[in-house]
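Below: the structure, in structure tokens.
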Amino acid sequence: MDALRFIGKRLLLMIPILIGISILTFAISNTIPGDPARLILGPKATPDGLEALREDMGLNDPLYVQYGRYMSGIGQGDLGKSTYSQRPVVDDLLRYSPATIELTMFAMFITLIIGVPFGVISASRKDRIADQFTRIFALIGVAMPAFWLGLLLLLFFYLKLGVLPGSGRLDGGMSPPEYVTGMYTVDALLAGNWSVFYSAFMHLILPGITLAAVTVGMITRMTRSSMLTVLQSDYIRTAFAKGAPENRVLYGHALRNGIMPVITLLGMAFGHALGGSILVEAVFSWPGLGQYAVNAINYLDFPAVMGVTMLIAVMFIIVNLIVDTLYFFIDPRLKHS
Amino acid sequence: MLLEVKHMSLSLKRAGKYSKILDDISFYIEQGETLGIVGESGCGKSMTALSLMQLLPEKARLEGDVVLQQKNISKVSKRKLEKIRGNQMSMIFQDPLTSLNPLQTVGVQVEESLILHTKKNKKERRERVLQLLNAVGLPRAEELIDEYPHQLSGGMRQRIMIAIAMACEPQLLICDEPTTALDVTVQAQILELMNEIKRETEMGIVMITHDMGVVAEVCDRVIVMYAGKIVEEAPVIELFGNPKHPYTQGLLASIPKLGRRKEKLGSIPGTVPTPGSMPTGCRFADRCPHVMEICRSVTPEMIQIQKSHQTACWLYDEKEGNENATTRSHELEAALHN
């Protein structure tokens, strides 16, 4: 019950946050020098034609009128029309975002299954060889620029060894599965199409690793430091005093107590990965939100820029809401306080 | 003999250097007996307890032998040790709040020892947990089983800790200041419970405390520790009635007594020497009101004063019993100077 009320409160809080973000993005978009109308019509446009288009796009109205119009559109699920693709922004987002969400989720999955065990091992073998190794590994992950790592991986696994695909989401000539979520791996599974699933999965590996490198490093380091604190606790000593073997103590007692800061950071890392996907998508020609956003900025496609920003903000807030809700299930003390 | 500790020494690594925390500790405990270990903070009481359980920090060096029921547990493998801990011997800690896992229910935590050491099935384990909770005097065990430590009071938490320790009916129970973190009234209840357990089982108990009241309440025999060494050992009545070591005398003088309001409470001047900078000779010499020259140069050995009463002090002589042994110490001093 308490958890439900908590979630409700957080959902309501989303509204002012989103309004704030929309004002900020709107203001920034409109202070970027450049004229969308001129970009659309090209260098040979006549002054009359430009003026007519500006009037048509509503660019001549005062900013607050433009903003008000935009916000009332959002209220009806309309994010405007992309000036570049000439399609509703909502359609574009539905087309491009699943690719990015799929890639980001995959990167988060890698982060969890590598970062957490590495952190636990590192903490339980503090200052020994395994610890030194993981710490260096984590440091490299955090310090290495994603696009550079991406290029290295491409060079090695795609060009040299030829074992993994290097661009796009599917092998050439393969048609995507029927649209359900837009995530090819999930849709292929739903359709029971194994060859498409395999191809989509193989295409995820390199960009996924590239995107996960930084977050794996972050999560490993956080898990290590959190576990080191927990392992000092009296209840860990109690568990050993009961005769519990080390692995049972580590994964049964310590990890659950030490995982909360890790989950918080994972929420942040998700946001980080969404942002980082712009570079990674460029390296791997991944047709996602990042590529779409870069194009939108290049063409001063304000409705598209606004749409992408709002969508990323919403995703970020939702992920953090999930994180906060997880607390309730992990820590019984929150439920009763 | 249930437990025998022979020449146990413990060194911990601090700032890159090993310093001795426990120095040549030897004692024993019989089945059904409660042995008190008393001393000020920092004298090595808790480290003694952790050494018995082999629950020491990684950078600790333990020498000597800990023999539990004819088995030298300081020499067995990690896996065998896990089979002994919580099964043949278990431990109760000082702070019951931090010693319980905050994210697990009471039932799960009591049940864990049963999972680790018995072949009981789920239903049998639940029955045993309920039985244990009842045995340690907790009401409404059926509901308690699904509650978390933070929902309970300090006394209830310590009862849970006792239930955990008792789960597999160990032969040896080590209690490290089990009442220190509790309210006075709750302290009395927990001690009552300990005495009850003592009467009902044949368990040997090691009771570590700085509280002479606790000693008087539950112990049969007492060891007094000072700066990592045992300075006196005696049955509890003997120790209270006829303390020998000046440190023990000081400890007993510092207990407030009813009806002696105007008298100034005794205290021992000075502080405990720290590990790494231990003086030569008797470690209590700097604080001792009866200090002699020999005390500062030669470490006194444990000597038998009466049957089962021993102390390590130059004031006494093995044959004379309780009389001042100045002659002997003079002889020794003379021998040293030559």
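Naming works like this for the structure tokens: A, B, ... for the chains as they're shown, residue 1 at the start of each chain, ligands 1 onward in shown order.
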
Using only C-alpha atoms, which protein or nucleic acid residues come within 9 Å of A:Leu190? Drop anything in the same chain fewer than 4 positions from it, and give the result as a PyMOL selection string. chain A and resi 177+180+185-186

Could you take the residues named above and write them with C-alpha atoms, as a JSON list (two decimals), in the first residue's frame?
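Produced file again-v6.json, reproduced below:
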[["chain", "number", "residue", "atom", "x", "y", "z"],
["A", 177, "PRO", "CA", 10.27, -9.25, -37.43],
["A", 180, "VAL", "CA", 5.45, -5.40, -31.52],
["A", 185, "THR", "CA", 15.49, -9.54, -30.45],
["A", 186, "VAL", "CA", 12.24, -9.43, -28.47]]

Can I get the residues of chain A within 6 Å of chain B, each with the closest pair of atoms and their distance in Å to one decimal, using only C-alpha atoms, sorted chain first then ascending number, as a tab-separated table?
residue	atom	partner	partner_atom	distance
A:Asp234	CA	B:Ser99	CA	4.6
A:Tyr235	CA	B:Ser99	CA	4.1
A:Ala241	CA	B:Arg85	CA	5.7
A:Lys242	CA	B:Gly86	CA	4.0
A:Gly243	CA	B:Glu82	CA	4.2
A:Asp331	CA	B:Leu103	CA	5.9

Same residues, N, CA and C atoms, saved as a CSV table (one decimal), in the first residue's frame:
chain,number,residue,atom,x,y,z
A,234,ASP,N,28.6,-6.3,11.6
A,234,ASP,CA,28.5,-7.4,12.7
A,234,ASP,C,27.7,-8.5,12.2
A,235,TYR,N,26.7,-8.3,11.3
A,235,TYR,CA,25.8,-9.4,10.9
A,235,TYR,C,26.6,-10.3,10.0
A,241,ALA,N,29.8,-16.9,12.0
A,241,ALA,CA,29.7,-17.6,13.3
A,241,ALA,C,28.7,-18.8,13.3
A,242,LYS,N,27.8,-18.7,12.4
A,242,LYS,CA,26.8,-19.8,12.2
A,242,LYS,C,27.4,-20.9,11.5
A,243,GLY,N,28.6,-20.7,10.9
A,243,GLY,CA,29.2,-21.7,10.1
A,243,GLY,C,28.9,-21.6,8.6
A,331,ASP,N,14.6,-3.4,1.0
A,331,ASP,CA,14.7,-3.0,2.4
A,331,ASP,C,13.4,-3.0,3.1

Write out, as JSON lines, each residue of stretch 286-318 of chain A that has an atom at most 7 Å from stretch 21-30 of chain A, together with the closest pair of atoms and their distance in Å to one decimal, counting only C-alpha atoms, rows going by chain and rising number.
{"residue": "A:Phe302", "atom": "CA", "partner": "A:Ser29", "partner_atom": "CA", "distance": 6.4}
{"residue": "A:Met306", "atom": "CA", "partner": "A:Thr25", "partner_atom": "CA", "distance": 6.4}
{"residue": "A:Met310", "atom": "CA", "partner": "A:Ser22", "partner_atom": "CA", "distance": 6.9}

Which is closest to A:Leu211 among A:Leu279, A:Met174, A:Ala191, A:Ile74, if we use only C-alpha atoms? A:Leu279

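Taking only C-alpha atoms, the non-local environment of B:Ile208 within 10 Å (same-chain residues fewer than 6 positions away omitted) comprises B:Leu35, B:Gly36, B:Ile37, B:Val38, B:Gly39, B:Lys45, B:Ser46, B:Thr48, B:Ala49, B:Phe93, B:Gln94, B:Ile174, B:Cys175, B:Asp176, B:Glu177, B:Pro178, B:Val214, B:Val215, B:Val222, B:Ile223.
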
Hey, can you spit out that residue selection with N, CA and C atoms as a short mmCIF file (atom, residue, chain, number, x, y, z; two decimals), in the first residue's frame?
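New file result37.cif:
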data_model
loop_
_atom_site.label_atom_id
_atom_site.label_comp_id
_atom_site.auth_asym_id
_atom_site.auth_seq_id
_atom_site.Cartn_x
_atom_site.Cartn_y
_atom_site.Cartn_z
N LEU B 35 32.57 -20.02 32.46
CA LEU B 35 33.83 -19.35 32.75
C LEU B 35 33.70 -17.88 32.38
N GLY B 36 33.97 -17.01 33.34
CA GLY B 36 33.93 -15.59 33.04
C GLY B 36 35.31 -15.10 32.64
N ILE B 37 35.35 -14.22 31.66
CA ILE B 37 36.61 -13.55 31.33
C ILE B 37 36.37 -12.06 31.50
N VAL B 38 37.06 -11.45 32.48
CA VAL B 38 36.80 -10.03 32.75
C VAL B 38 38.06 -9.20 32.53
N GLY B 39 37.83 -7.92 32.38
CA GLY B 39 38.93 -7.00 32.17
C GLY B 39 38.42 -5.72 31.54
N LYS B 45 39.75 -9.28 25.69
CA LYS B 45 38.65 -10.22 25.95
C LYS B 45 37.96 -10.65 24.67
N SER B 46 37.52 -9.63 23.90
CA SER B 46 36.77 -9.95 22.68
C SER B 46 37.63 -10.70 21.69
N THR B 48 39.94 -12.73 22.42
CA THR B 48 40.00 -14.11 22.89
C THR B 48 38.79 -14.88 22.36
N ALA B 49 37.60 -14.25 22.46
CA ALA B 49 36.39 -14.90 21.99
C ALA B 49 36.47 -15.20 20.50
N PHE B 93 26.86 -12.02 20.33
CA PHE B 93 27.66 -10.79 20.27
C PHE B 93 27.07 -9.68 21.11
N GLN B 94 27.85 -8.61 21.20
CA GLN B 94 27.50 -7.51 22.08
C GLN B 94 26.25 -6.76 21.63
N ILE B 174 29.86 -19.10 23.42
CA ILE B 174 30.73 -17.98 23.75
C ILE B 174 29.90 -16.70 23.72
N CYS B 175 29.86 -15.99 24.84
CA CYS B 175 29.06 -14.78 24.91
C CYS B 175 29.99 -13.59 25.07
N ASP B 176 29.97 -12.69 24.10
CA ASP B 176 30.83 -11.51 24.16
C ASP B 176 30.00 -10.31 24.60
N GLU B 177 30.07 -9.98 25.87
CA GLU B 177 29.33 -8.85 26.44
C GLU B 177 27.86 -8.87 26.03
N PRO B 178 27.14 -9.94 26.31
CA PRO B 178 25.79 -10.06 25.77
C PRO B 178 24.79 -9.07 26.37
N VAL B 214 27.68 -9.09 36.35
CA VAL B 214 27.36 -10.21 35.46
C VAL B 214 28.15 -11.45 35.90
N VAL B 215 29.41 -11.23 36.25
CA VAL B 215 30.25 -12.34 36.70
C VAL B 215 29.62 -13.01 37.91
N VAL B 222 36.39 -17.64 37.17
CA VAL B 222 36.67 -16.37 36.49
C VAL B 222 38.14 -16.27 36.11
N ILE B 223 38.38 -15.68 34.94
CA ILE B 223 39.73 -15.33 34.52
C ILE B 223 39.78 -13.82 34.42
#

What's the separation between atom CA of A:Phe156 and atom CA of A:Ala273, in Å to one decimal place? 23.1 Å

Where in stretch 11-58 of chain B does DSSP assign strand (DSSP E), given as number ranges by chain? B: 11-14, 17-29, 34-38

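Of the residues listed (B:Val66, B:Leu132, B:Met8, B:Ile230), B:Val66 shows the shortest atom-to-atom separation from B:Ile29; distances use only C-alpha atoms.
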
Non-local contacts of stretch 279-292 of chain B (9 Å; only C-alpha atoms; under 5 positions in same chain excluded) as a CSV table (one decimal) with N, CA and C atoms, in the first residue's frame:
chain,number,residue,atom,x,y,z
B,226,TYR,N,44.5,-8.7,31.8
B,226,TYR,CA,45.0,-7.4,31.8
B,226,TYR,C,46.0,-7.2,30.6
B,227,ALA,N,45.8,-6.3,29.7
B,227,ALA,CA,46.7,-6.0,28.6
B,227,ALA,C,47.2,-7.3,27.9
B,229,LYS,N,47.1,-10.4,28.8
B,229,LYS,CA,47.6,-11.6,29.6
B,229,LYS,C,46.6,-11.9,30.7
B,246,PRO,N,46.7,-7.2,42.5
B,246,PRO,CA,46.3,-5.8,42.7
B,246,PRO,C,45.3,-5.3,41.7
B,247,TYR,N,45.4,-5.8,40.5
B,247,TYR,CA,44.5,-5.3,39.4
B,247,TYR,C,43.1,-5.8,39.8
B,268,ILE,N,41.4,2.8,39.4
B,268,ILE,CA,42.8,2.5,39.1
B,268,ILE,C,43.4,3.6,38.3
B,269,PRO,N,44.5,4.3,38.9
B,269,PRO,CA,45.1,5.4,38.1
B,269,PRO,C,45.8,4.9,36.9
B,270,GLY,N,46.0,5.8,35.9
B,270,GLY,CA,46.7,5.4,34.7
B,270,GLY,C,45.9,4.7,33.7
B,271,THR,N,46.5,4.3,32.6
B,271,THR,CA,45.8,3.6,31.5
B,271,THR,C,46.5,2.4,31.1
B,272,VAL,N,45.7,1.5,30.4
B,272,VAL,CA,46.2,0.2,29.9
B,272,VAL,C,47.3,0.5,28.9
B,273,PRO,N,48.5,-0.1,29.0
B,273,PRO,CA,49.5,0.1,27.9
B,273,PRO,C,48.9,-0.5,26.6
B,297,SER,N,61.1,-5.5,35.7
B,297,SER,CA,62.2,-6.2,34.8
B,297,SER,C,61.8,-7.6,34.5
B,298,VAL,N,61.1,-8.3,35.4
B,298,VAL,CA,60.8,-9.7,35.1
B,298,VAL,C,59.3,-10.0,35.0
B,299,THR,N,58.9,-10.6,34.0
B,299,THR,CA,57.4,-10.9,33.9
B,299,THR,C,57.1,-12.0,34.9
B,300,PRO,N,56.1,-11.8,35.8
B,300,PRO,CA,55.7,-12.8,36.7
B,300,PRO,C,55.0,-14.0,36.1
B,312,ALA,N,49.3,-14.2,38.7
B,312,ALA,CA,50.6,-13.8,38.2
B,312,ALA,C,51.1,-12.5,38.8
B,313,CYS,N,51.7,-12.6,40.0
B,313,CYS,CA,52.1,-11.4,40.7
B,313,CYS,C,53.3,-11.7,41.6
B,314,TRP,N,54.2,-10.8,41.7
B,314,TRP,CA,55.4,-11.0,42.5
B,314,TRP,C,55.1,-11.0,44.0
B,315,LEU,N,54.0,-10.5,44.3
B,315,LEU,CA,53.6,-10.4,45.8
B,315,LEU,C,53.5,-11.7,46.4
B,329,SER,N,61.5,-12.6,45.8
B,329,SER,CA,61.8,-11.6,44.8
B,329,SER,C,63.2,-10.9,44.9

List every residue of stretch 105-281 of chain B that DSSP, applied to the backbone of this structure, assigns to alpha helix (DSSP H), and report them as a PyMOL selection string. chain B and resi 106-117+122-135+141-144+154-166+184-200+212-218+236-241+246-253

Find the residues near A:Tyr184: any atom within 10 Å, counting only C-alpha atoms, skip ones fewer than 2 places away on the same chain, and give them as a list in words.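 Contacts, with the query itself left out: Pro98, Ala99, Glu102, Arg169, Leu170, Pro176, Pro177, Glu178, Tyr179, Val180, Thr181, Gly182, Val186, Asp187, Ala188, Leu189, Leu190, Val196, Phe197, Ser199, Ala200 and Phe201 of chain A.
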
Counting only C-alpha atoms, the residue of A:Thr238, A:Arg224, A:Leu13, A:Ala37 that sits nearest B:Ile162: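 Among the listed residues, A:Thr238 lies closest to B:Ile162.
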